[in-house]
file final34.cif (mmCIF, C-alpha atoms)
data_model
loop_
_atom_site.label_atom_id
_atom_site.label_comp_id
_atom_site.auth_asym_id
_atom_site.auth_seq_id
_atom_site.Cartn_x
_atom_site.Cartn_y
_atom_site.Cartn_z
CA MET D 1 8.07 12.19 7.81
CA LEU D 2 4.95 12.14 5.66
CA THR D 3 4.63 8.37 6.01
CA LEU D 4 4.95 8.66 9.76
CA LEU D 5 2.15 11.19 9.80
CA ALA D 6 -0.06 9.14 7.46
CA LEU D 7 0.47 5.86 9.27
CA PRO D 8 -1.86 6.58 12.22
CA LEU D 9 -4.68 7.48 9.82
CA THR D 10 -4.09 4.36 7.73
CA LEU D 11 -4.05 2.16 10.80
CA LEU D 12 -7.22 3.86 12.00
CA GLY D 13 -8.89 2.82 8.73
CA LEU D 14 -7.62 -0.73 9.13
CA GLN D 15 -8.94 -0.85 12.68
CA GLN D 16 -12.38 0.25 11.52
CA GLY D 17 -12.31 -2.39 8.78
CA MET D 18 -11.44 -5.09 11.32
CA ALA D 19 -14.17 -3.92 13.67
CA GLN D 20 -16.72 -4.17 10.85
CA ARG D 21 -15.65 -7.72 9.95
CA LEU D 22 -15.70 -8.86 13.57
CA ALA D 23 -18.94 -7.14 14.59
CA GLY D 24 -21.54 -9.69 15.63
CA ARG D 25 -19.16 -12.59 14.93
CA VAL D 26 -16.95 -12.58 18.04
CA SER D 27 -17.18 -11.29 21.60
CA PRO D 28 -16.05 -7.71 22.32
CA THR D 29 -13.09 -9.08 24.27
CA VAL D 30 -11.81 -11.13 21.35
CA ALA D 31 -12.56 -8.29 18.92
CA ALA D 32 -10.51 -5.88 21.01
CA LEU D 33 -7.60 -8.31 21.08
CA VAL D 34 -7.72 -8.88 17.32
CA GLU D 35 -7.86 -5.14 16.65
CA GLN D 36 -4.90 -4.54 18.94
CA LEU D 37 -2.77 -7.35 17.47
CA GLY D 38 -3.86 -6.50 13.93
CA THR D 39 -3.02 -2.81 14.28
CA THR D 40 0.43 -3.40 15.74
CA GLY D 41 1.07 -6.17 13.22
CA ALA D 42 -0.05 -4.09 10.24
CA ALA D 43 2.34 -1.33 11.32
CA ARG D 44 5.11 -3.92 10.85
CA GLY D 45 3.78 -5.07 7.48
CA LEU D 46 2.03 -8.22 8.70
CA PRO D 47 -1.29 -9.41 7.26
CA ILE D 48 -4.39 -9.08 9.43
CA ASP D 49 -6.68 -11.54 7.68
CA PRO D 50 -5.34 -14.69 9.42
CA LEU D 51 -6.04 -13.10 12.82
CA ILE D 52 -9.62 -12.22 11.86
CA GLN D 53 -10.19 -15.67 10.36
CA LYS D 54 -8.93 -17.46 13.48
CA ALA D 55 -11.13 -15.35 15.76
CA ILE D 56 -14.23 -15.95 13.64
CA GLU D 57 -13.41 -19.67 13.38
CA GLY D 58 -13.12 -19.98 17.14
CA SER D 59 -16.42 -18.22 17.67
CA ALA D 60 -18.13 -20.37 15.01
CA LYS D 61 -16.86 -23.50 16.75
CA SER D 62 -18.22 -22.22 20.12
CA ILE D 63 -14.75 -22.11 21.66
CA PRO D 64 -14.43 -20.15 24.96
CA ASP D 65 -12.99 -16.65 24.63
CA ASP D 66 -9.75 -17.37 26.48
CA ARG D 67 -8.88 -20.23 24.12
CA VAL D 68 -9.79 -18.16 21.06
CA ALA D 69 -7.54 -15.39 22.36
CA ALA D 70 -4.69 -17.89 22.82
CA ALA D 71 -5.15 -19.21 19.28
CA VAL D 72 -5.20 -15.69 17.84
CA ARG D 73 -2.00 -14.84 19.74
CA LEU D 74 -0.39 -18.01 18.35
CA VAL D 75 -1.28 -16.97 14.81
CA ALA D 76 0.23 -13.52 15.46
CA THR D 77 3.43 -15.18 16.64
CA GLN D 78 3.53 -17.43 13.57
CA LEU D 79 3.09 -14.41 11.29
CA ASP D 80 5.96 -12.67 13.06
CA THR D 81 8.18 -15.73 12.74
CA ALA D 82 7.35 -16.13 9.07
CA ALA D 83 8.04 -12.46 8.31
CA THR D 84 11.41 -12.63 10.07
CA ALA D 85 12.32 -15.84 8.26
CA LEU D 86 11.37 -14.36 4.88
CA ARG D 87 13.44 -11.24 5.52
CA GLU D 88 16.44 -13.41 6.31
CA GLY D 89 15.97 -15.27 3.04
CA GLY D 90 15.51 -12.30 0.75
CA PRO D 91 13.73 -9.03 0.18
CA VAL D 92 10.25 -10.57 0.06
CA SER D 93 7.81 -8.87 2.44
CA ASP D 94 4.58 -9.68 0.60
CA THR D 95 1.67 -10.19 3.01
CA LEU D 96 0.45 -13.23 1.06
CA ALA D 97 3.90 -14.83 1.37
CA ILE D 98 3.95 -14.05 5.10
CA ALA D 99 0.50 -15.62 5.57
CA ALA D 100 1.62 -18.68 3.57
CA GLY D 101 4.74 -18.90 5.72
CA ALA D 102 2.68 -18.73 8.90
CA PHE D 103 0.48 -21.54 7.59
CA ALA D 104 3.57 -23.63 6.82
CA ILE D 105 4.88 -23.05 10.34
CA ASN D 106 1.51 -24.10 11.78
CA ALA D 107 1.71 -27.24 9.63
CA GLY D 108 5.06 -28.18 11.14
CA LEU D 109 7.83 -26.34 9.30
CA SER D 110 10.30 -24.04 11.03
CA GLY D 111 11.51 -20.51 10.41
CA SER D 112 14.74 -21.87 8.93
CA ASP D 113 12.69 -23.92 6.45
CA ILE D 114 10.91 -20.74 5.36
CA THR D 115 14.23 -18.97 5.00
CA ALA D 116 15.60 -21.85 2.91
CA LEU D 117 12.68 -21.59 0.49
CA ALA D 118 13.00 -17.80 0.32
CA ARG D 119 16.68 -18.19 -0.59
CA VAL D 120 15.77 -20.12 -3.74
CA GLY D 121 15.17 -16.71 -5.29
CA ALA D 122 11.77 -17.41 -6.83
CA SER D 123 9.32 -14.61 -7.62
CA PRO D 124 7.06 -13.53 -4.72
CA GLN D 125 4.10 -15.27 -6.37
CA ALA D 126 5.97 -18.54 -6.90
CA LEU D 127 7.39 -18.38 -3.37
CA THR D 128 3.90 -17.89 -1.94
CA VAL D 129 2.64 -20.96 -3.81
CA GLY D 130 5.75 -22.87 -2.72
CA LEU D 131 5.14 -22.03 0.93
CA ARG D 132 1.50 -23.09 0.70
CA VAL D 133 2.48 -26.37 -0.96
CA ALA D 134 5.24 -26.98 1.59
CA GLY D 135 2.70 -26.50 4.38
CA THR D 136 0.28 -28.86 2.68
CA LEU D 137 3.01 -31.49 2.27
CA ALA D 138 3.86 -31.11 5.96
CA ALA D 139 0.19 -31.66 6.75
CA LEU D 140 0.40 -34.89 4.73
CA GLY D 141 3.29 -36.03 6.89
CA VAL D 142 6.23 -35.34 4.59
CA PRO D 143 9.33 -34.79 6.78
CA ARG D 144 10.92 -31.33 6.72
CA ALA D 145 14.10 -32.28 4.84
CA GLU D 146 12.29 -34.08 1.99
CA ASN D 147 9.61 -31.40 1.97
CA ILE D 148 11.99 -28.45 1.56
CA GLY D 149 14.10 -30.45 -0.88
CA LEU D 150 11.13 -31.21 -3.11
CA VAL D 151 9.64 -27.72 -3.08
CA SER D 152 12.95 -25.90 -3.56
CA THR D 153 13.96 -28.24 -6.41
CA THR D 154 10.64 -27.63 -8.13
CA LEU D 155 10.94 -23.88 -7.61
CA ARG D 156 14.46 -23.90 -9.07
CA SER D 157 13.36 -25.94 -12.08
CA GLY D 158 11.27 -22.98 -13.20
CA GLN D 159 8.19 -25.11 -13.76
CA PRO D 160 4.83 -23.31 -13.71
CA ALA D 161 2.88 -22.90 -10.48
CA GLU D 162 0.53 -25.68 -11.56
CA SER D 163 3.37 -28.18 -11.17
CA LEU D 164 3.90 -27.05 -7.59
CA LEU D 165 0.18 -27.27 -6.85
CA LEU D 166 0.08 -30.87 -8.11
CA LEU D 167 2.78 -32.06 -5.68
CA PRO D 168 0.42 -32.84 -2.76
CA ALA D 169 -1.84 -34.86 -5.06
CA HIS D 170 1.19 -36.79 -6.37
CA VAL D 171 2.35 -37.51 -2.81
CA GLN D 172 -1.16 -38.62 -1.82
CA SER D 173 -1.28 -40.87 -4.86
CA ALA D 174 2.08 -42.47 -3.98
CA MET D 175 0.95 -42.90 -0.38
CA ALA D 176 -2.23 -44.60 -1.58
CA ASN D 177 0.03 -47.05 -3.41
CA GLY D 178 1.89 -47.88 -0.20
CA SER D 179 4.75 -45.39 -0.28
CA THR D 180 5.69 -43.41 2.82
CA PRO D 181 5.37 -39.62 2.66
CA ALA D 182 9.17 -39.27 2.84
CA ALA D 183 9.78 -41.77 0.04
CA ALA D 184 7.07 -40.23 -2.12
CA ALA D 185 8.56 -36.75 -1.71
CA ALA D 186 12.11 -38.00 -2.35
CA GLY D 187 11.01 -39.71 -5.56
CA LEU D 188 9.26 -36.59 -6.80
CA SER D 189 12.30 -34.52 -5.88
CA ARG D 190 14.58 -36.74 -7.96
CA ALA D 191 12.20 -36.48 -10.90
CA ALA D 192 12.07 -32.68 -10.59
CA ALA D 193 15.86 -32.48 -10.44
CA ALA D 194 16.18 -34.66 -13.54
CA GLN D 195 13.64 -32.52 -15.33
CA ALA D 196 15.55 -29.40 -14.38
CA ARG D 197 18.70 -30.91 -15.89
CA HIS D 198 17.17 -32.20 -19.12
CA GLY D 199 14.18 -29.88 -19.60
CA PRO D 200 10.51 -30.78 -19.58
CA PRO D 201 9.28 -33.90 -21.41
CA PRO D 202 7.94 -33.33 -24.92
CA GLY D 203 4.58 -31.62 -24.89
CA ARG D 204 4.88 -30.57 -21.26
CA GLY D 205 6.82 -27.40 -21.62
CA GLN D 206 3.74 -25.21 -21.32
CA PRO D 207 1.35 -24.87 -18.40
CA PRO D 208 -1.89 -26.83 -18.78
CA PRO D 209 -4.73 -24.84 -20.31
CA HIS D 210 -7.06 -25.57 -17.37
CA PRO D 211 -6.60 -24.97 -13.65
CA ALA D 212 -5.46 -27.72 -11.29
CA PRO D 213 -8.00 -30.49 -10.80
CA PRO D 214 -10.08 -30.51 -7.61
CA PRO D 215 -9.03 -32.76 -4.75
CA HIS D 216 -12.10 -34.96 -5.17
CA PRO D 217 -12.48 -35.84 -8.83
CA MET Q 1 14.13 91.94 -17.47
CA SER Q 2 16.93 93.05 -19.82
CA GLU Q 3 18.69 90.50 -21.91
CA ARG Q 4 22.48 90.69 -22.32
CA ASP Q 5 24.93 88.42 -24.05
CA PHE Q 6 28.17 87.90 -22.00
CA HIS Q 7 31.51 86.85 -23.36
CA PRO Q 8 32.01 83.08 -23.23
CA LEU Q 9 34.81 83.49 -20.72
CA VAL Q 10 32.51 85.52 -18.51
CA LYS Q 11 29.91 82.73 -18.78
CA GLN Q 12 32.55 80.28 -17.57
CA LEU Q 13 33.17 82.67 -14.67
CA LEU Q 14 29.47 82.57 -13.81
CA ASP Q 15 29.52 78.80 -14.02
CA GLY Q 16 32.38 78.68 -11.53
CA GLU Q 17 34.83 77.30 -13.99
CA LEU Q 18 37.06 80.41 -13.90
CA THR Q 19 37.90 83.07 -11.33
CA ILE Q 20 37.97 86.80 -11.93
CA ALA Q 21 41.80 86.63 -11.93
CA ASP Q 22 41.71 84.16 -14.82
CA LEU Q 23 39.94 86.64 -17.09
CA PRO Q 24 41.91 88.86 -19.40
CA ALA Q 25 42.16 92.40 -18.17
CA GLU Q 26 39.74 93.71 -20.80
CA LEU Q 27 37.00 91.34 -19.63
CA ARG Q 28 37.37 91.80 -15.88
CA ALA Q 29 34.95 94.71 -15.76
CA GLU Q 30 32.34 92.68 -17.65
CA GLY Q 31 32.97 89.77 -15.31
CA GLU Q 32 32.53 91.89 -12.17
CA GLU Q 33 29.28 93.26 -13.56
CA ALA Q 34 28.02 89.78 -14.30
CA LEU Q 35 28.84 88.65 -10.75
CA ARG Q 36 27.06 91.64 -9.33
CA LEU Q 37 23.95 90.86 -11.34
CA LEU Q 38 24.09 87.21 -10.21
CA THR Q 39 24.19 88.10 -6.50
CA GLY Q 40 21.01 90.08 -6.99
CA VAL Q 41 19.02 87.01 -8.11
CA ASP Q 42 16.39 85.55 -5.61
CA ARG Q 43 17.57 81.99 -4.94
CA SER Q 44 14.85 80.93 -2.48
CA PRO Q 45 13.02 77.64 -3.47
CA VAL Q 46 9.69 77.93 -5.25
CA GLU Q 47 6.79 76.01 -3.65
CA LEU Q 48 3.46 75.55 -5.44
CA PRO Q 49 1.37 73.11 -3.33
CA ALA Q 50 -1.88 74.23 -4.82
CA VAL Q 51 -0.72 73.31 -8.29
CA THR Q 52 0.24 69.75 -7.25
CA GLN Q 53 -3.08 69.28 -5.52
CA ARG Q 54 -5.03 70.48 -8.52
CA VAL Q 55 -3.16 68.17 -10.87
CA MET Q 56 -3.77 65.12 -8.68
CA GLN Q 57 -7.47 65.96 -8.28
CA THR Q 58 -7.84 66.23 -12.02
CA LEU Q 59 -6.21 62.83 -12.53
CA ALA Q 60 -8.38 61.17 -9.87
CA SER Q 61 -11.62 62.54 -11.33
CA ARG Q 62 -10.91 61.15 -14.79
CA PRO Q 63 -12.58 57.80 -15.54
CA ALA Q 64 -10.16 54.87 -15.81
CA PRO Q 65 -9.65 53.63 -19.37
CA ALA Q 66 -11.96 50.68 -20.16
CA VAL Q 67 -10.15 47.30 -19.96
CA PRO Q 68 -11.81 44.20 -21.50
CA ALA Q 69 -12.96 41.58 -18.99
CA TRP Q 70 -10.69 38.89 -20.42
CA LYS Q 71 -7.72 41.16 -20.02
CA ARG Q 72 -8.63 41.80 -16.38
CA VAL Q 73 -8.87 38.04 -15.81
CA MET Q 74 -5.65 37.25 -17.61
CA ARG Q 75 -3.72 40.10 -16.12
CA PRO Q 76 -0.85 38.81 -14.02
CA ARG Q 77 -1.27 39.45 -10.34
CA GLU Q 78 1.12 39.25 -7.52
CA ILE Q 79 -0.14 36.97 -4.78
CA ARG Q 80 1.53 36.81 -1.45
CA LEU Q 81 1.06 33.76 0.78
CA ARG Q 82 2.33 33.55 4.30
CA ILE Q 83 2.26 29.89 5.42
CA ARG Q 84 3.29 28.30 8.64
CA PRO Q 85 4.81 24.91 7.58
CA TRP Q 86 3.31 23.00 10.48
CA VAL Q 87 -0.19 23.94 9.31
CA LEU Q 88 0.41 22.00 6.08
CA ALA Q 89 1.44 18.77 7.83
CA PRO Q 90 -2.08 17.50 8.70
CA ALA Q 91 -3.34 18.17 5.16
CA LEU Q 92 -0.39 16.31 3.64
CA ALA Q 93 -0.89 13.47 6.12
CA VAL Q 94 -4.54 13.11 5.11
CA ALA Q 95 -3.56 13.06 1.44
CA ALA Q 96 -0.91 10.41 2.04
CA ALA Q 97 -3.33 8.29 4.08
CA LEU Q 98 -5.90 8.43 1.30
CA ILE Q 99 -3.28 7.29 -1.20
CA LEU Q 100 -2.21 4.43 1.06
CA LEU Q 101 -5.82 3.39 1.63
CA ILE Q 102 -6.83 3.54 -2.00
CA TRP Q 103 -3.68 1.91 -3.41
CA PRO Q 104 -4.24 -1.63 -2.10
CA ALA Q 105 -7.92 -1.41 -3.02
CA THR Q 106 -6.97 -1.82 -6.67
CA PRO Q 107 -5.71 -5.38 -6.96
CA ALA Q 108 -3.25 -6.04 -9.75
CA ARG Q 109 -4.98 -9.20 -10.93
CA PRO Q 110 -7.94 -11.12 -9.51
CA ALA Q 111 -7.20 -14.69 -8.45
CA PRO Q 112 -8.44 -17.26 -10.97
CA LEU Q 113 -11.44 -19.33 -9.92
CA VAL Q 114 -11.34 -23.09 -9.51
CA THR Q 115 -14.32 -25.43 -9.25
CA VAL Q 116 -14.03 -27.90 -6.39
CA ARG Q 117 -16.28 -30.79 -5.40
CA PHE Q 118 -16.45 -31.66 -1.70
CA VAL Q 119 -17.55 -35.15 -0.67
CA LEU Q 120 -18.28 -36.67 2.75
CA VAL Q 121 -19.61 -40.15 3.43
CA ALA Q 122 -21.90 -39.83 6.47
CA PRO Q 123 -24.75 -42.33 6.26
CA ASP Q 124 -26.15 -41.43 9.69
CA ALA Q 125 -26.06 -37.66 9.26
CA ARG Q 126 -29.31 -35.69 9.03
CA GLU Q 127 -27.58 -32.63 7.60
CA VAL Q 128 -24.05 -31.75 6.54
CA SER Q 129 -22.62 -28.35 5.70
CA LEU Q 130 -19.26 -26.86 4.87
CA ALA Q 131 -17.57 -24.08 6.84
CA GLY Q 132 -14.21 -22.56 6.16
CA THR Q 133 -12.16 -19.53 5.35
CA PHE Q 134 -14.04 -19.12 2.07
CA ASN Q 135 -17.40 -18.53 3.79
CA GLN Q 136 -16.25 -16.87 7.01
CA TRP Q 137 -16.73 -20.15 8.89
CA ASP Q 138 -20.48 -19.86 8.58
CA ALA Q 139 -21.82 -23.31 9.48
CA HIS Q 140 -25.10 -22.66 7.65
CA ALA Q 141 -23.88 -20.96 4.48
CA THR Q 142 -22.91 -24.01 2.40
CA PRO Q 143 -25.08 -27.11 2.89
CA LEU Q 144 -24.13 -30.39 1.22
CA VAL Q 145 -26.65 -32.43 -0.73
CA ARG Q 146 -27.28 -36.09 0.02
CA SER Q 147 -26.97 -38.34 -3.03
CA GLY Q 148 -29.77 -40.92 -2.83
CA SER Q 149 -29.66 -43.30 0.10
CA THR Q 150 -25.93 -44.01 -0.04
CA GLY Q 151 -24.98 -41.53 2.64
CA VAL Q 152 -22.71 -39.60 0.29
CA TRP Q 153 -22.96 -35.84 0.79
CA THR Q 154 -21.58 -33.50 -1.87
CA ALA Q 155 -21.21 -29.82 -2.66
CA THR Q 156 -19.55 -28.14 -5.62
CA LEU Q 157 -18.06 -24.70 -5.09
CA THR Q 158 -16.14 -22.23 -7.20
CA LEU Q 159 -13.30 -20.85 -5.11
CA PRO Q 160 -10.51 -18.36 -5.79
CA ALA Q 161 -7.04 -19.85 -6.23
CA GLY Q 162 -5.12 -19.78 -2.98
CA GLN Q 163 -5.23 -21.64 0.26
CA HIS Q 164 -8.39 -22.52 2.15
CA GLN Q 165 -9.05 -24.27 5.44
CA TYR Q 166 -12.37 -25.92 6.13
CA ALA Q 167 -14.30 -28.60 7.96
CA PHE Q 168 -17.62 -30.37 7.56
CA VAL Q 169 -20.30 -29.58 10.11
CA VAL Q 170 -22.45 -32.64 10.74
CA ASP Q 171 -25.92 -32.15 12.19
CA GLY Q 172 -25.12 -28.55 13.03
CA ALA Q 173 -22.77 -29.38 15.88
CA ARG Q 174 -20.02 -31.85 15.02
CA TRP Q 175 -16.98 -30.45 13.21
CA VAL Q 176 -15.38 -33.15 11.06
CA PRO Q 177 -12.21 -32.81 8.94
CA ASP Q 178 -12.26 -34.05 5.37
CA PRO Q 179 -10.85 -37.61 5.46
CA GLY Q 180 -9.57 -37.21 1.89
CA ALA Q 181 -7.54 -34.04 2.44
CA PRO Q 182 -4.47 -33.05 4.44
CA ALA Q 183 -5.22 -31.44 7.78
CA VAL Q 184 -3.54 -29.10 10.25
CA ASP Q 185 -4.05 -28.21 13.90
CA ASP Q 186 -6.81 -25.60 14.23
CA GLY Q 187 -5.47 -24.22 17.52
CA PHE Q 188 -8.54 -25.46 19.40
CA GLY Q 189 -7.60 -29.12 19.72
CA ARG Q 190 -9.21 -30.12 16.43
CA ARG Q 191 -8.10 -30.42 12.82
CA ASN Q 192 -8.85 -28.24 9.80
CA SER Q 193 -8.67 -29.68 6.31
CA VAL Q 194 -6.44 -27.84 3.85
CA LEU Q 195 -7.16 -27.08 0.23
CA THR Q 196 -4.40 -25.49 -1.87
CA LEU Q 197 -5.51 -24.31 -5.30
#
call {"tool": "encode", "arguments": {"input": "final34.cif", "output": "structure tokens"}}
result
Amino acid sequence: MLTLLALPLTLLGLQQGMAQRLAGRVSPTVAALVEQLGTTGAARGLPIDPLIQKAIEGSAKSIPDDRVAAAVRLVATQLDTAATALREGGPVSDTLAIAAGAFAINAGLSGSDITALARVGASPQALTVGLRVAGTLAALGVPRAENIGLVSTTLRSGQPAESLLLLPAHVQSAMANGSTPAAAAAGLSRAAAAQARHGPPPGRGQPPPHPAPPPHP
Amino acid sequence: MSERDFHPLVKQLLDGELTIADLPAELRAEGEEALRLLTGVDRSPVELPAVTQRVMQTLASRPAPAVPAWKRVMRPREIRLRIRPWVLAPALAVAAALILLIWPATPARPAPLVTVRFVLVAPDAREVSLAGTFNQWDAHATPLVRSGSTGVWTATLTLPAGQHQYAFVVDGARWVPDPGAPAVDDGFGRRNSVLTL
């Protein structure tokens, strides 16, 4: 009862926050659409930041309003799909995980792929990183089956998040040496499975002391 | 008023505990006399309103006994509140909304920062900048620096761990994805580069 009464006030605050971020960056038409989609989405536990980002991006790229509106609606749909897929895979309803799932869907994965990763049973933080990495691998051209196989195997192996974050770089490196994205991912998946069976190699049981290296060393 | 001591049995007669027939014959005369005296008594109620009024006036005119201030403050008081439940609902709703608004404003742990170097080879470009989710897609916020005459443009940024999408903006108008990074559809018929940290 109390939550139901508080919700309109909370959503009112969110709406004002969105209006402030969009003011002067997008047209009033697009702003109104984002506020409407964001408010209804937030009431269902969806993140609003991807909607705002897409609207601002469209305006920055001088895209006509109707196409920006269509892109924002597509993002809203992807967020909805990701949230549904995550709920089917487990109790995770974290907004970061939902945003990561929407990104993965935009990169070419499906709702069932998101559900499969959620069913691995990783922590919300690890799942969020896994979804981001899966989307990045899809953007590199790794097919869905090899992609989900690699990420879920790595998640199950219990390796630190840094290992997940290095997967796209490893795939890119294998591709630079002539491997296909599918073959590169399959090879990494076999290595991760072997590591899960036998434990990490000597000296690699702990996460590295420094963050992951930049993409352009 | 004469004072006379009656026999205990006669006193019981006066109290109603015995009748005249219950008395021994030698006491019946004393009992009848006692009853006669009793019937002569005025039994009408006595009313003294003036006395009551005088007593109350005297009490009211007396100063109240001095009570220390701390005792007056600490003295328990009975407070009666009459509340309509529906009046409380808006106040509780405001309180709950404030809690919900403030709660997410205290992040559990800030995302670690990662230093990233962006590179674009564009020998013919006059200016190159970087726009993405990390700078609100501002095409002027993050210019790249040309390295000598090789046409290599670079920028080094410190970004929070997470996922970022971006593109290079060449000569203020042309949006170019990073050729060295994975890319996704931007929803506008172009590609955004992806950086996962």
call {"tool": "resolve_selection", "arguments": {"input": "final34.cif", "expression": "the PyMOL selection byres ((chain Q) within 6 of (chain D))", "output": "compact mmCIF listing (two decimals) with C-alpha atoms, in the coordinates of the input"}}
result
# COMPACT_ATOMS: atom_id res chain seq x y z
CA ALA Q 93 -0.89 13.47 6.12
CA ALA Q 96 -0.91 10.41 2.04
CA ALA Q 97 -3.33 8.29 4.08
CA VAL Q 116 -14.03 -27.90 -6.39
CA ARG Q 117 -16.28 -30.79 -5.40
CA TRP Q 137 -16.73 -20.15 8.89
CA PRO Q 182 -4.47 -33.05 4.44
CA ALA Q 183 -5.22 -31.44 7.78
CA VAL Q 184 -3.54 -29.10 10.25
CA GLY Q 187 -5.47 -24.22 17.52
call {"tool": "atom_distance", "arguments": {"input": "final34.cif", "atom1": "atom CA of Q:Thr115", "atom2": "atom CA of Q:Thr156"}}
result
6.9 Å
call {"tool": "resolve_selection", "arguments": {"input": "final34.cif", "expression": "the PyMOL selection byres ((chain D and resi 95) around 9)", "output": "PyMOL selection string"}}
result
chain D and resi 45-48+83+93-94+96-100
call {"tool": "atom_distance", "arguments": {"input": "final34.cif", "atom1": "atom CA of Q:Gly189", "atom2": "atom CA of D:Thr115"}}
result
28.2 Å
call {"tool": "resolve_selection", "arguments": {"input": "final34.cif", "expression": "the PyMOL selection byres ((chain D and resi 185) around 7)", "output": "list in words"}}
result
Val142, Glu146, Asn147, Leu150, Val171, Pro181, Ala182, Ala183, Ala184, Ala186, Gly187, Leu188 and Ser189 of chain D
call {"tool": "residues_around", "arguments": {"input": "final34.cif", "residues": "Q:Arg36", "least_positions_apart": "6", "cutoff": "12 Å", "atoms": "all atoms listed in the file", "output": "list of chain:residue names"}}
result
Q:Leu14, Q:Ala29, Q:Glu30
call {"tool": "atom_distance", "arguments": {"input": "final34.cif", "atom1": "atom CA of D:Gly89", "atom2": "atom CA of D:Ser163"}}
result
23.0 Å
call {"tool": "residues_near_point", "arguments": {"input": "final34.cif", "point": "(-23.3, -24.7, -0.5)", "cutoff": "12 Å", "atoms": "all atoms listed in the file", "output": "JSON, numbers by chain"}}
result
{"Q": [116, 117, 118, 119, 128, 129, 130, 131, 132, 134, 135, 138, 139, 140, 141, 142, 143, 144, 145, 153, 154, 155, 156, 157, 158, 159, 168]}
call {"tool": "write_last_selection", "arguments": {"input": "final34.cif", "atoms": "C-alpha atoms", "output": "PDB file, in the coordinates of the input"}}
result
ATOM      1  CA  VAL Q 116     -14.030 -27.900  -6.390  1.00  0.00           C
ATOM      2  CA  ARG Q 117     -16.280 -30.790  -5.400  1.00  0.00           C
ATOM      3  CA  PHE Q 118     -16.450 -31.660  -1.700  1.00  0.00           C
ATOM      4  CA  VAL Q 119     -17.550 -35.150  -0.670  1.00  0.00           C
ATOM      5  CA  VAL Q 128     -24.050 -31.750   6.540  1.00  0.00           C
ATOM      6  CA  SER Q 129     -22.620 -28.350   5.700  1.00  0.00           C
ATOM      7  CA  LEU Q 130     -19.260 -26.860   4.870  1.00  0.00           C
ATOM      8  CA  ALA Q 131     -17.570 -24.080   6.840  1.00  0.00           C
ATOM      9  CA  GLY Q 132     -14.210 -22.560   6.160  1.00  0.00           C
ATOM     10  CA  PHE Q 134     -14.040 -19.120   2.070  1.00  0.00           C
ATOM     11  CA  ASN Q 135     -17.400 -18.530   3.790  1.00  0.00           C
ATOM     12  CA  ASP Q 138     -20.480 -19.860   8.580  1.00  0.00           C
ATOM     13  CA  ALA Q 139     -21.820 -23.310   9.480  1.00  0.00           C
ATOM     14  CA  HIS Q 140     -25.100 -22.660   7.650  1.00  0.00           C
ATOM     15  CA  ALA Q 141     -23.880 -20.960   4.480  1.00  0.00           C
ATOM     16  CA  THR Q 142     -22.910 -24.010   2.400  1.00  0.00           C
ATOM     17  CA  PRO Q 143     -25.080 -27.110   2.890  1.00  0.00           C
ATOM     18  CA  LEU Q 144     -24.130 -30.390   1.220  1.00  0.00           C
ATOM     19  CA  VAL Q 145     -26.650 -32.430  -0.730  1.00  0.00           C
ATOM     20  CA  TRP Q 153     -22.960 -35.840   0.790  1.00  0.00           C
ATOM     21  CA  THR Q 154     -21.580 -33.500  -1.870  1.00  0.00           C
ATOM     22  CA  ALA Q 155     -21.210 -29.820  -2.660  1.00  0.00           C
ATOM     23  CA  THR Q 156     -19.550 -28.140  -5.620  1.00  0.00           C
ATOM     24  CA  LEU Q 157     -18.060 -24.700  -5.090  1.00  0.00           C
ATOM     25  CA  THR Q 158     -16.140 -22.230  -7.200  1.00  0.00           C
ATOM     26  CA  LEU Q 159     -13.300 -20.850  -5.110  1.00  0.00           C
ATOM     27  CA  PHE Q 168     -17.620 -30.370   7.560  1.00  0.00           C
TER      28      PHE Q 168
END
call {"tool": "decode", "arguments": {"input": "final34.cif", "residues": "stretch 76-81 of chain D", "atoms": "N, CA, C and O atoms", "output": "tab-separated table (two decimals), in the first residue's frame"}}
result
chain	number	residue	atom	x	y	z
D	76	ALA	N	13.76	0.44	-25.90
D	76	ALA	CA	12.78	0.09	-24.85
D	76	ALA	C	12.33	-1.35	-25.00
D	76	ALA	O	12.19	-2.09	-24.01
D	77	THR	N	12.12	-1.76	-26.24
D	77	THR	CA	11.71	-3.15	-26.49
D	77	THR	C	12.81	-4.13	-26.08
D	77	THR	O	12.55	-5.18	-25.47
D	78	GLN	N	14.05	-3.78	-26.42
D	78	GLN	CA	15.18	-4.66	-26.06
D	78	GLN	C	15.33	-4.76	-24.54
D	78	GLN	O	15.65	-5.84	-24.02
D	79	LEU	N	15.11	-3.67	-23.84
D	79	LEU	CA	15.18	-3.71	-22.37
D	79	LEU	C	14.09	-4.62	-21.81
D	79	LEU	O	14.33	-5.41	-20.89
D	80	ASP	N	12.90	-4.52	-22.38
D	80	ASP	CA	11.79	-5.38	-21.95
D	80	ASP	C	12.12	-6.85	-22.19
D	80	ASP	O	11.91	-7.69	-21.31
D	81	THR	N	12.64	-7.13	-23.38
D	81	THR	CA	12.98	-8.52	-23.72
D	81	THR	C	14.05	-9.05	-22.78
D	81	THR	O	13.96	-10.19	-22.29
